[in-house]
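**Student:** What follows is a single structure, and I will ask about it in a moment.
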Amino acid sequence: MSVAVLEVKNLSFSYPDKSILHRLSFEVEKGDFLCIVGTNGTGKSTLLKLILNRLSPTEGEIKLFGELSYKFKDCKKIAYVSQKATDFNAGFPATVEEIVSLGLYSRRGLFKGYSREDKAKVKDALERVGMYDYHNRLIGRLSGGQQQRVFIAKALVSDPEIIFLDEPTVGIDVKAVDSICCLLGELNRAGLTIVMVTHDISSILYHSNKVLVLSEDGMGEIMSSEDFNSGTIFSHVHHTH
Amino acid sequence: MEIFQMEFMQRAFIVAVLISVITPMIGNVIVLKRLSAIGDALSHSGLAGVTIGLCVGINPVLSAVIVSVLAALTIEYIRRGFSDYSELATAIVLSFGVGLAAVFSGFVKNAATLNSFMFGSIVAISDFEMWTVVLLSITVIVAFMLMYRELFYVTFDEEGAALSGVPVKTVNLIFTVLTAIVVSVASRTVGVLVISSLMVVPVACAMLVSKSYKQNIIFSVIFAFFFTVTGLIITAFYDIKPGGTIVLIGIGVLLVLLLVRKRR
Ligand SMILES: Nc1ncnc2c1ncn2[C@@H]1O[C@H](COP(=O)(O)OP(=O)(O)O)[C@@H](O)[C@H]1O
Ligand SMILES: [Mg+2]
């Protein structure tokens with residue numbers, strides 16, 4: 001019997017002044033590529049923060065690799081590219097290589113230096129996202145799309161089993177969006193489980209296999225990408241008539 | 001007379017070198033975290049510590065360390081309660097420090113000593129104080145090296161660091177205590193009123209020329225060293241305050257670097 005990588009059961013969450021998620025349940029299995037969609041403010045980022053134990057559920061439970069998320073300590077199995085990843089101080093004096101090497105922390109732990117083997121891992125991660133040529137550049141001098149690739153490399157360098165991305169394609173040009181989606185598709189086919197918040201329909205069409213649709217009332221519906229796509233095409237047709 | 005001159009210059013030099021290494025190390029994190037005001041708050045608390053020490057009759061560097069560390073812990077504590085108002089925490093502690101210093105300064109008999117802490121005076125350094133500086137500096141350097149990656153990660157992305165398993169709260173706490181130590185130690189040489197500039201200016205200079213995080217730390221230390229040593233030499237020849245001189249040299253270099261960069 002295979003254990004779900006991520007299991008969300010009856011999850012509800014409210015901020016002190018506002019109820020956000022209501023009795024949400026879904027599962028992510030190994031090898032899945034789940035897209036989370038919903039209009040702004042429906043709680044997509046909040047959901048990721050709950051899963052990553054940055055917030056505590058009001059009700060319900062979340063399990064990562066079969067373990068309750070607040071007890072889960074195996075940081076290296078998961079990686080996260082936050083919505084604000086590219087939102088750092090642009091003058092921050094750090095190279096692409098230095099940033100990616102931070103991602104190794106979850107493997108290395110406290111007070112450990114940076115070995116030759118680590119350097120090779122960083123190189124490998126940067127090559128996978130096509131950014132090795134830029135390894136000595138300052139992170140603040142890159143375009144939004146390039147920065148996003150670097151943050152994906154930082155997530156990949158620790159060899160995680162599941163990666164969470166929060167709107168990685170917002171604010172970058174169409175070509176960069178496509179190449180990032182293709183990159184994620186490739187990684188997924190190579191076995192990486194992906195959970196991504198996105199507004200980008202084409203990545204859902206071509207790369208994901210599951211979609212979680214969050215609605216304004218805090219409810220969520222999980223479906224296969226095919227069903228979602230026929231649904232959106234239907235509603236699209238519906239709109240034009 | 002000659003021997004006294006030698007000894008005093010040696011002591012001054014040792015202390016200056018140590019200060020110029022530890023101040024920008026801490027300054028890097030403070031500047032990059034955009035927390036420059038913390039230096040101010042802690043240095044004013046340090047001044048309160050100095051005045052209390054002078055009143056009560058304990059070593060002012062030690063009392064400055066104690067009061068600054070307490071102030072640092074208070075800032076951390078308030079920050080945890082009101083995470084959106086870390087500036088408020090800093091402002092409260094700064095005001096409290098100024099208030100305490102003002103009240104206690106009324107009881108300090110030797111105004112010249114207090115003056116030397118506000119503007120820095122290497123002449124006033126005793127052997128015991130030099131060794132305090134040496135010991136505390138070594139502590140700071142070792143802690144900083146050990147926590148190099150943790151501090152880098154927390155500075156760049158606190159949430160990401162937490163998710164990767166960095167004990168963020170502990171790292172922040174240790175760092176704040178280190179800052180308090182540096183501020184009080186440095187207040188002796190460059191003075192309380194300019195210590196936060198010495199944390200910020202070399203880092204600003206380094207940011208204009210460095211091409212990585214590591215370089216930024218190294219360059220800021222080199223800049224601080226250069227400012228401090230030139231400042232000391234000038235001070236030795238002309239009878240002016242070292243603290244102000246050191247900072248003015250730093251600002252001068254920063255302006256030149258800015259101009260050169262504009263030109264390119
Ligand atoms: N720290 C917070 N305190 C109170 N309300 C919040 C907080 N963070 C987000 N919200 C509110 O929760 C809702 C969901 O936010 P979020 O999860 O960021 O939405 P999404 O990512 O789907 O756009 C929004 O209406 C937002 O205003
Ligand atoms: Mg969001």
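In the structure tokens, each chain is lettered A, B, ... as it comes, each chain's residues begin at 1, and ligands are numbered from 1 in order of appearance.
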Give me, as a list in words, all polymer residues having an atom no more than 12 Å from Asp124 in chain A, counting only C-alpha atoms and skipping those fewer than 2 positions away in the same chain.

**Tutor:**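 These residues fall inside the cut-off: Glu97, Val100, Ser101, Glu117, Asp118, Lys119, Ala120, Lys121, Val122, Leu126, Glu127, Arg128, Val129, Gly130, Met131, Tyr132, Asp133, His135, Ala153, Lys154, Leu156, Val157, Ser158 and Asp159 of chain A.
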
**Student:** Please identify all residues of chain A having at least one atom at most 6 Å from any atom of chain B, considering only C-alpha atoms, and return them as a ChimeraX atom specification.

**Tutor:** /A:75,93-95,106,111

**Student:** Could you save those same residues with C-alpha atoms as a PDB file, in the first residue's frame?

**Tutor:**
ATOM      1  CA  CYS A  75      12.971  19.180   5.850  1.00  0.00           C
ATOM      2  CA  PRO A  93      25.005  41.195  -2.689  1.00  0.00           C
ATOM      3  CA  ALA A  94      24.837  37.456  -3.294  1.00  0.00           C
ATOM      4  CA  THR A  95      25.699  35.365  -6.314  1.00  0.00           C
ATOM      5  CA  SER A 106      18.203  21.085   4.836  1.00  0.00           C
ATOM      6  CA  PHE A 111      27.246  24.604  11.466  1.00  0.00           C
TER       7      PHE A 111
END

**Student:** Would you compute the distance between CA of Ile218 in chain B and CA of Ser86 in chain B? Give it in Å to one decimal.

**Tutor:**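 So the two atoms, CA of Ile218 in chain B and CA of Ser86 in chain B, lie 28.7 Å apart.
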
**Student:** Compile a residue-level contact table for range 116-182 of chain B against range 17-21 of chain B at a cut-off of 9 Å, reporting for every qualifying residue the shortest atom pair and its distance in Å to one decimal, with only C-alpha atoms counted, rows ordered by chain and ascending number, as CSV.

**Tutor:**
residue,atom,partner,partner_atom,distance
B:Val133,CA,B:Leu18,CA,7.8
B:Val134,CA,B:Leu18,CA,7.2
B:Ser137,CA,B:Leu18,CA,6.3
B:Ile138,CA,B:Leu18,CA,8.4
B:Ile141,CA,B:Val21,CA,8.1
B:Val182,CA,B:Ile19,CA,7.8

**Student:** Can you spit out the residues from that selection as a PDB file, in the first residue's frame, using N, CA, C and O atoms?

**Tutor:**
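File selection-v8.pdb, as written:
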ATOM      1  N   VAL B 133      37.987  43.852  25.436  1.00  0.00           N
ATOM      2  CA  VAL B 133      37.713  43.982  24.004  1.00  0.00           C
ATOM      3  C   VAL B 133      38.227  42.764  23.240  1.00  0.00           C
ATOM      4  O   VAL B 133      37.526  42.197  22.390  1.00  0.00           O
ATOM      5  N   VAL B 134      39.435  42.320  23.576  1.00  0.00           N
ATOM      6  CA  VAL B 134      40.018  41.169  22.883  1.00  0.00           C
ATOM      7  C   VAL B 134      39.133  39.932  23.059  1.00  0.00           C
ATOM      8  O   VAL B 134      38.754  39.260  22.095  1.00  0.00           O
ATOM      9  N   SER B 137      35.751  40.298  21.322  1.00  0.00           N
ATOM     10  CA  SER B 137      35.901  40.261  19.864  1.00  0.00           C
ATOM     11  C   SER B 137      36.093  38.845  19.369  1.00  0.00           C
ATOM     12  O   SER B 137      35.508  38.437  18.365  1.00  0.00           O
ATOM     13  N   ILE B 138      36.928  38.091  20.083  1.00  0.00           N
ATOM     14  CA  ILE B 138      37.145  36.700  19.670  1.00  0.00           C
ATOM     15  C   ILE B 138      35.825  35.931  19.727  1.00  0.00           C
ATOM     16  O   ILE B 138      35.486  35.176  18.812  1.00  0.00           O
ATOM     17  N   ILE B 141      33.798  36.924  16.682  1.00  0.00           N
ATOM     18  CA  ILE B 141      34.320  36.384  15.421  1.00  0.00           C
ATOM     19  C   ILE B 141      34.023  34.889  15.320  1.00  0.00           C
ATOM     20  O   ILE B 141      33.539  34.408  14.289  1.00  0.00           O
ATOM     21  N   VAL B 182      29.034  43.951  20.406  1.00  0.00           N
ATOM     22  CA  VAL B 182      29.868  44.747  19.501  1.00  0.00           C
ATOM     23  C   VAL B 182      29.677  46.238  19.756  1.00  0.00           C
ATOM     24  O   VAL B 182      30.638  47.007  19.832  1.00  0.00           O
TER      25      VAL B 182
END

**Student:** Enumerate residues in contact with ligand 1: an atom-to-atom distance of at most 7 Å, counting only C-alpha atoms and all ligand atoms. Format the result as JSON, numbers by chain.

**Tutor:** {"A": [15, 16, 17, 18, 20, 38, 39, 40, 41, 42, 43, 44, 45, 46, 47]}
